[in-house]
Amino acid sequence: MAKTVIMDHPLIQHKIGIIREKDTSSKEFREMISEVAMLMCYEASRELPLEEVEIETPICHTVVKRLVGKKMAVVPILRAGLGMVEGVLTIIPAAKVGHIGLYRDPETLEPVEYYCKLPSDIASREIFVTDPMLATGGSATAAITMLKEKGARKIHFMCILAAPEGIRKMHEIHPDVDLFVGALDDHLNDHGYIVPGLGDAGDRIFGTK
């Protein structure tokens, strides 16, 4: 079974505390989301495979380590997942970017697909799916199912906040996908929002409250 990693780095926890505050501006919220994603990606990429390569330094011949293949992709779940892309690309600038568009039906809370555009070689890439919130798990599991239908196999999911309900659903439907979570919150309320949470991440990123 895949693992769930709850980030305990002080910088990540500090920045999550800032984005939880209701009076944090959209500008600062966007900046913090990107910075948290960058720090999380640093941790999430810890187990990427390395190979030894012979090179010449200005001093002598030596052997260094490089990422195997260097074929990675970041796939945000629109629209809120876009806020995490820049932070991931800061760490992995050569990664390609795909997009999956899903929205949650307010009545059923089930995901509805409206867009999917992925790199043509997505099946051969190590993929980081991003979405700030893992609430019911509906959108995340649907997005990963779409990726698997396109042939993707090496998939990781990164979110800033998660509810226990979402983590359970992810493990149930996609037990092969590692989860990297900034903070694990208490529960979902009757509207499917994470508690204590931070509100609607998409609205706060794009200023559309």
# chains A, B, ... in the order shown; residues from 1 in each chain; ligands from 1
>>> residues_around(residues="region 21-27 of chain A", least_positions_apart="3", cutoff="12 Å", atoms="only C-alpha atoms", output="PDB file with N, CA and C atoms, in the first residue's frame")
ATOM      1  N   HIS A  14       4.261  26.940   9.406  1.00  0.00           N
ATOM      2  CA  HIS A  14       4.138  28.388   9.588  1.00  0.00           C
ATOM      3  C   HIS A  14       3.329  29.011   8.459  1.00  0.00           C
ATOM      4  N   LYS A  15       3.649  28.635   7.236  1.00  0.00           N
ATOM      5  CA  LYS A  15       2.975  29.231   6.080  1.00  0.00           C
ATOM      6  C   LYS A  15       1.526  28.761   5.975  1.00  0.00           C
ATOM      7  N   ILE A  16       1.260  27.527   6.357  1.00  0.00           N
ATOM      8  CA  ILE A  16      -0.124  27.052   6.375  1.00  0.00           C
ATOM      9  C   ILE A  16      -0.937  27.851   7.397  1.00  0.00           C
ATOM     10  N   GLY A  17      -0.322  28.191   8.503  1.00  0.00           N
ATOM     11  CA  GLY A  17      -1.008  29.020   9.495  1.00  0.00           C
ATOM     12  C   GLY A  17      -1.422  30.364   8.922  1.00  0.00           C
ATOM     13  N   ILE A  18      -0.584  30.944   8.066  1.00  0.00           N
ATOM     14  CA  ILE A  18      -0.904  32.236   7.451  1.00  0.00           C
ATOM     15  C   ILE A  18      -2.075  32.100   6.479  1.00  0.00           C
ATOM     16  N   ARG A  30      -1.768  33.619  -2.504  1.00  0.00           N
ATOM     17  CA  ARG A  30      -1.155  33.003  -3.678  1.00  0.00           C
ATOM     18  C   ARG A  30       0.318  32.732  -3.439  1.00  0.00           C
ATOM     19  N   GLU A  31       1.001  33.706  -2.864  1.00  0.00           N
ATOM     20  CA  GLU A  31       2.435  33.547  -2.606  1.00  0.00           C
ATOM     21  C   GLU A  31       2.702  32.408  -1.636  1.00  0.00           C
ATOM     22  N   MET A  32       1.889  32.326  -0.581  1.00  0.00           N
ATOM     23  CA  MET A  32       2.089  31.281   0.418  1.00  0.00           C
ATOM     24  C   MET A  32       1.776  29.901  -0.157  1.00  0.00           C
ATOM     25  N   ILE A  33       0.713  29.799  -0.969  1.00  0.00           N
ATOM     26  CA  ILE A  33       0.372  28.520  -1.603  1.00  0.00           C
ATOM     27  C   ILE A  33       1.544  28.034  -2.442  1.00  0.00           C
ATOM     28  N   SER A  34       2.127  28.935  -3.231  1.00  0.00           N
ATOM     29  CA  SER A  34       3.251  28.573  -4.085  1.00  0.00           C
ATOM     30  C   SER A  34       4.463  28.154  -3.265  1.00  0.00           C
ATOM     31  N   GLY A  83      -2.498  27.032  -8.433  1.00  0.00           N
ATOM     32  CA  GLY A  83      -1.740  27.832  -7.473  1.00  0.00           C
ATOM     33  C   GLY A  83      -0.491  27.151  -6.964  1.00  0.00           C
ATOM     34  N   PRO A 196     -10.614  22.593  10.460  1.00  0.00           N
ATOM     35  CA  PRO A 196     -10.856  24.039  10.380  1.00  0.00           C
ATOM     36  C   PRO A 196     -10.602  24.637   8.989  1.00  0.00           C
ATOM     37  N   GLY A 197      -9.755  24.022   8.184  1.00  0.00           N
ATOM     38  CA  GLY A 197      -9.607  24.408   6.791  1.00  0.00           C
ATOM     39  C   GLY A 197      -9.133  25.824   6.549  1.00  0.00           C
ATOM     40  N   LEU A 198      -9.478  26.327   5.347  1.00  0.00           N
ATOM     41  CA  LEU A 198      -9.106  27.691   4.973  1.00  0.00           C
ATOM     42  C   LEU A 198     -10.123  28.304   4.016  1.00  0.00           C
ATOM     43  N   GLY A 199     -11.297  27.675   3.910  1.00  0.00           N
ATOM     44  CA  GLY A 199     -12.310  28.184   2.992  1.00  0.00           C
ATOM     45  C   GLY A 199     -12.142  27.583   1.606  1.00  0.00           C
ATOM     46  N   ASP A 200     -12.621  28.302   0.587  1.00  0.00           N
ATOM     47  CA  ASP A 200     -12.510  27.842  -0.797  1.00  0.00           C
ATOM     48  C   ASP A 200     -11.176  28.303  -1.364  1.00  0.00           C
ATOM     49  N   ALA A 201     -10.254  27.353  -1.606  1.00  0.00           N
ATOM     50  CA  ALA A 201      -8.902  27.700  -2.046  1.00  0.00           C
ATOM     51  C   ALA A 201      -8.920  28.430  -3.382  1.00  0.00           C
ATOM     52  N   GLY A 202      -9.760  27.981  -4.322  1.00  0.00           N
ATOM     53  CA  GLY A 202      -9.815  28.624  -5.633  1.00  0.00           C
ATOM     54  C   GLY A 202     -10.248  30.070  -5.529  1.00  0.00           C
ATOM     55  N   ASP A 203     -11.302  30.333  -4.758  1.00  0.00           N
ATOM     56  CA  ASP A 203     -11.756  31.706  -4.585  1.00  0.00           C
ATOM     57  C   ASP A 203     -10.688  32.582  -3.942  1.00  0.00           C
ATOM     58  N   ARG A 204      -9.971  32.038  -2.983  1.00  0.00           N
ATOM     59  CA  ARG A 204      -8.967  32.835  -2.285  1.00  0.00           C
ATOM     60  C   ARG A 204      -7.722  33.067  -3.120  1.00  0.00           C
ATOM     61  N   ILE A 205      -7.365  32.097  -3.978  1.00  0.00           N
ATOM     62  CA  ILE A 205      -6.214  32.276  -4.866  1.00  0.00           C
ATOM     63  C   ILE A 205      -6.503  33.333  -5.915  1.00  0.00           C
ATOM     64  N   PHE A 206      -7.699  33.267  -6.513  1.00  0.00           N
ATOM     65  CA  PHE A 206      -8.019  34.127  -7.640  1.00  0.00           C
ATOM     66  C   PHE A 206      -8.854  35.341  -7.289  1.00  0.00           C
ATOM     67  N   GLY A 207      -9.149  35.520  -6.000  1.00  0.00           N
ATOM     68  CA  GLY A 207      -9.865  36.712  -5.577  1.00  0.00           C
ATOM     69  C   GLY A 207     -11.303  36.744  -6.007  1.00  0.00           C
ATOM     70  N   THR A 208     -11.955  35.570  -6.075  1.00  0.00           N
ATOM     71  CA  THR A 208     -13.344  35.511  -6.557  1.00  0.00           C
ATOM     72  C   THR A 208     -14.294  35.117  -5.449  1.00  0.00           C
ATOM     73  N   LYS A 209     -14.050  35.620  -4.260  1.00  0.00           N
ATOM     74  CA  LYS A 209     -14.928  35.296  -3.127  1.00  0.00           C
ATOM     75  C   LYS A 209     -16.350  35.781  -3.411  1.00  0.00           C
TER      76      LYS A 209
END
>>> residues_around(residues="Met72 (chain A)", least_positions_apart="3", cutoff="10 Å", atoms="only C-alpha atoms", output="short mmCIF file (atom, residue, chain, number, x, y, z; two decimals) with N, CA, C and O atoms, in the first residue's frame")
data_model
loop_
_atom_site.label_atom_id
_atom_site.label_comp_id
_atom_site.auth_asym_id
_atom_site.auth_seq_id
_atom_site.Cartn_x
_atom_site.Cartn_y
_atom_site.Cartn_z
N GLY A 69 16.34 9.58 -16.05
CA GLY A 69 15.31 9.89 -17.03
C GLY A 69 14.90 11.35 -17.08
O GLY A 69 14.68 11.89 -18.15
N ILE A 92 11.46 21.65 -9.88
CA ILE A 92 11.63 20.76 -11.04
C ILE A 92 11.30 21.56 -12.31
O ILE A 92 10.24 21.38 -12.92
N PRO A 93 12.17 22.47 -12.72
CA PRO A 93 11.85 23.38 -13.83
C PRO A 93 11.66 22.70 -15.18
O PRO A 93 11.01 23.26 -16.07
N ALA A 94 12.21 21.51 -15.35
CA ALA A 94 12.09 20.81 -16.64
C ALA A 94 10.81 20.00 -16.76
O ALA A 94 10.53 19.42 -17.81
N ALA A 95 10.01 19.96 -15.70
CA ALA A 95 8.78 19.16 -15.74
C ALA A 95 7.80 19.73 -16.75
O ALA A 95 7.70 20.95 -16.93
N LYS A 96 7.06 18.85 -17.42
CA LYS A 96 5.97 19.29 -18.27
C LYS A 96 4.72 19.45 -17.42
O LYS A 96 4.62 18.90 -16.32
N VAL A 97 3.77 20.24 -17.95
CA VAL A 97 2.56 20.54 -17.19
C VAL A 97 1.33 20.10 -17.96
O VAL A 97 1.15 20.45 -19.13
N ILE A 122 2.69 11.16 -21.30
CA ILE A 122 2.37 11.14 -19.87
C ILE A 122 2.57 9.76 -19.26
O ILE A 122 2.92 9.63 -18.09
N SER A 124 4.92 7.72 -19.56
CA SER A 124 6.30 7.43 -19.19
C SER A 124 6.85 8.42 -18.16
O SER A 124 8.04 8.37 -17.83
N ARG A 125 6.00 9.29 -17.64
CA ARG A 125 6.47 10.33 -16.72
C ARG A 125 6.11 10.04 -15.27
O ARG A 125 5.11 9.38 -14.98
N GLU A 126 6.94 10.54 -14.37
CA GLU A 126 6.64 10.54 -12.94
C GLU A 126 5.77 11.77 -12.70
O GLU A 126 6.16 12.89 -13.01
N ILE A 127 4.57 11.56 -12.15
CA ILE A 127 3.56 12.61 -12.12
C ILE A 127 3.27 13.07 -10.70
O ILE A 127 3.07 12.26 -9.79
N PHE A 128 3.21 14.40 -10.53
CA PHE A 128 2.78 15.00 -9.28
C PHE A 128 1.46 15.72 -9.54
O PHE A 128 1.43 16.73 -10.25
N LYS A 154 3.18 6.08 -12.52
CA LYS A 154 3.94 6.64 -11.39
C LYS A 154 3.30 7.96 -10.98
O LYS A 154 3.64 9.01 -11.49
#
>>> select_by_dssp(residues="region 30-164 of chain A", states="helix (DSSP H, G or I)", output="ChimeraX atom specification")
/A:30-44,82-91,122-124,138-149,164
>>> closest_residue(among="A:Ile59, A:Ala2, A:Ala183, A:Val88", to="Glu35 (chain A)", atoms="only C-alpha atoms")
A:Val88
>>> residues_around(residues="Tyr42 (chain A)", least_positions_apart="5", cutoff="10 Å", atoms="only C-alpha atoms", output="CSV table (one decimal) with all heavy atoms, in the first residue's frame")
chain,number,residue,atom,x,y,z
A,36,VAL,N,4.5,27.0,-0.1
A,36,VAL,CA,4.2,25.7,0.5
A,36,VAL,C,4.4,24.6,-0.5
A,36,VAL,O,5.0,23.5,-0.2
A,36,VAL,CB,2.8,25.7,1.2
A,36,VAL,CG1,2.5,24.3,1.6
A,36,VAL,CG2,2.8,26.7,2.3
A,37,ALA,N,3.9,24.8,-1.7
A,37,ALA,CA,4.0,23.7,-2.7
A,37,ALA,C,5.5,23.5,-3.0
A,37,ALA,O,5.9,22.3,-3.2
A,37,ALA,CB,3.3,24.2,-4.0
A,87,GLY,N,5.3,26.7,-7.7
A,87,GLY,CA,6.2,26.2,-6.6
A,87,GLY,C,6.9,24.9,-7.0
A,87,GLY,O,8.1,24.7,-6.7
A,88,VAL,N,6.1,24.0,-7.6
A,88,VAL,CA,6.7,22.7,-8.0
A,88,VAL,C,7.7,23.0,-9.1
A,88,VAL,O,8.8,22.3,-9.1
A,88,VAL,CB,5.6,21.8,-8.5
A,88,VAL,CG1,6.2,20.5,-9.1
A,88,VAL,CG2,4.6,21.4,-7.4
A,90,THR,N,9.6,25.5,-9.6
A,90,THR,CA,10.8,26.1,-9.0
A,90,THR,C,11.8,25.0,-8.6
A,90,THR,O,13.0,25.1,-8.8
A,90,THR,CB,10.4,26.9,-7.7
A,90,THR,OG1,9.5,27.9,-8.1
A,90,THR,CG2,11.7,27.5,-7.1
A,91,ILE,N,11.3,23.8,-8.2
A,91,ILE,CA,12.1,22.7,-7.8
A,91,ILE,C,12.4,21.8,-9.0
A,91,ILE,O,13.6,21.3,-9.1
A,91,ILE,CB,11.4,21.9,-6.7
A,91,ILE,CG1,11.2,22.7,-5.4
A,91,ILE,CG2,12.2,20.6,-6.4
A,91,ILE,CD1,12.5,23.1,-4.7
A,92,ILE,N,11.5,21.6,-9.9
A,92,ILE,CA,11.6,20.8,-11.0
A,92,ILE,C,11.3,21.6,-12.3
A,92,ILE,O,10.2,21.4,-12.9
A,92,ILE,CB,10.7,19.5,-10.9
A,92,ILE,CG1,10.8,18.9,-9.6
A,92,ILE,CG2,11.1,18.5,-12.0
A,92,ILE,CD1,9.8,17.7,-9.3
>>> select_by_dssp(residues="region 130-184 of chain A", states="strand (DSSP E)", output="number ranges by chain")
A: 130, 133-134, 154-162, 178-184
>>> residues_around(residues="Pro164 (chain A)", least_positions_apart="5", cutoff="9 Å", atoms="only C-alpha atoms", output="mmCIF file with N, CA and C atoms, in the first residue's frame")
data_model
loop_
_atom_site.group_PDB
_atom_site.id
_atom_site.type_symbol
_atom_site.label_atom_id
_atom_site.label_comp_id
_atom_site.auth_asym_id
_atom_site.auth_seq_id
_atom_site.Cartn_x
_atom_site.Cartn_y
_atom_site.Cartn_z
ATOM 1 N N LEU A 134 -7.777 18.293 -0.148
ATOM 2 C CA LEU A 134 -8.291 16.931 -0.313
ATOM 3 C C LEU A 134 -9.434 16.790 0.680
ATOM 4 N N ALA A 135 -10.657 17.047 0.214
ATOM 5 C CA ALA A 135 -11.821 17.058 1.097
ATOM 6 C C ALA A 135 -12.524 15.701 1.053
ATOM 7 N N THR A 136 -13.525 15.556 0.181
ATOM 8 C CA THR A 136 -14.194 14.260 0.051
ATOM 9 C C THR A 136 -13.322 13.252 -0.687
ATOM 10 N N LYS A 169 -10.657 7.731 1.223
ATOM 11 C CA LYS A 169 -11.163 7.453 -0.125
ATOM 12 C C LYS A 169 -10.016 7.253 -1.107
ATOM 13 N N LEU A 184 -3.061 17.621 8.219
ATOM 14 C CA LEU A 184 -4.256 16.796 8.299
ATOM 15 C C LEU A 184 -5.241 17.462 9.254
ATOM 16 N N ASP A 185 -6.412 17.856 8.724
ATOM 17 C CA ASP A 185 -7.416 18.538 9.533
ATOM 18 C C ASP A 185 -8.385 17.550 10.172
ATOM 19 N N ASP A 186 -9.409 18.072 10.843
ATOM 20 C CA ASP A 186 -10.240 17.250 11.714
ATOM 21 C C ASP A 186 -11.340 16.477 10.978
ATOM 22 N N HIS A 187 -12.151 17.177 10.173
ATOM 23 C CA HIS A 187 -13.291 16.506 9.549
ATOM 24 C C HIS A 187 -13.868 17.397 8.457
ATOM 25 N N LEU A 188 -14.899 16.893 7.772
ATOM 26 C CA LEU A 188 -15.668 17.681 6.811
ATOM 27 C C LEU A 188 -16.978 18.128 7.462
#
>>> residues_around(residues="region 106-113 of chain A", least_positions_apart="3", cutoff="6 Å", atoms="only C-alpha atoms", output="ChimeraX atom specification")
/A:101-103,138-139
>>> atom_distance(atom1="CA of Pro49 (chain A)", atom2="CA of Val5 (chain A)")
18.4 Å
>>> closest_residue(among="A:His171, A:Asp190, A:Met40, A:Val74", to="Asp8 (chain A)", atoms="only C-alpha atoms")
A:Met40
>>> atom_distance(atom1="CA of Ile160 (chain A)", atom2="CA of Asp131 (chain A)")
7.5 Å
>>> closest_residue(among="A:Val177, A:Ile77, A:Met133, A:Leu147", to="Val195 (chain A)", atoms="only C-alpha atoms")
A:Met133
>>> residues_around(residues="Glu47 (chain A)", least_positions_apart="4", cutoff="12 Å", atoms="only C-alpha atoms", output="ChimeraX atom specification")
/A:41-43,67-68,126,156,178
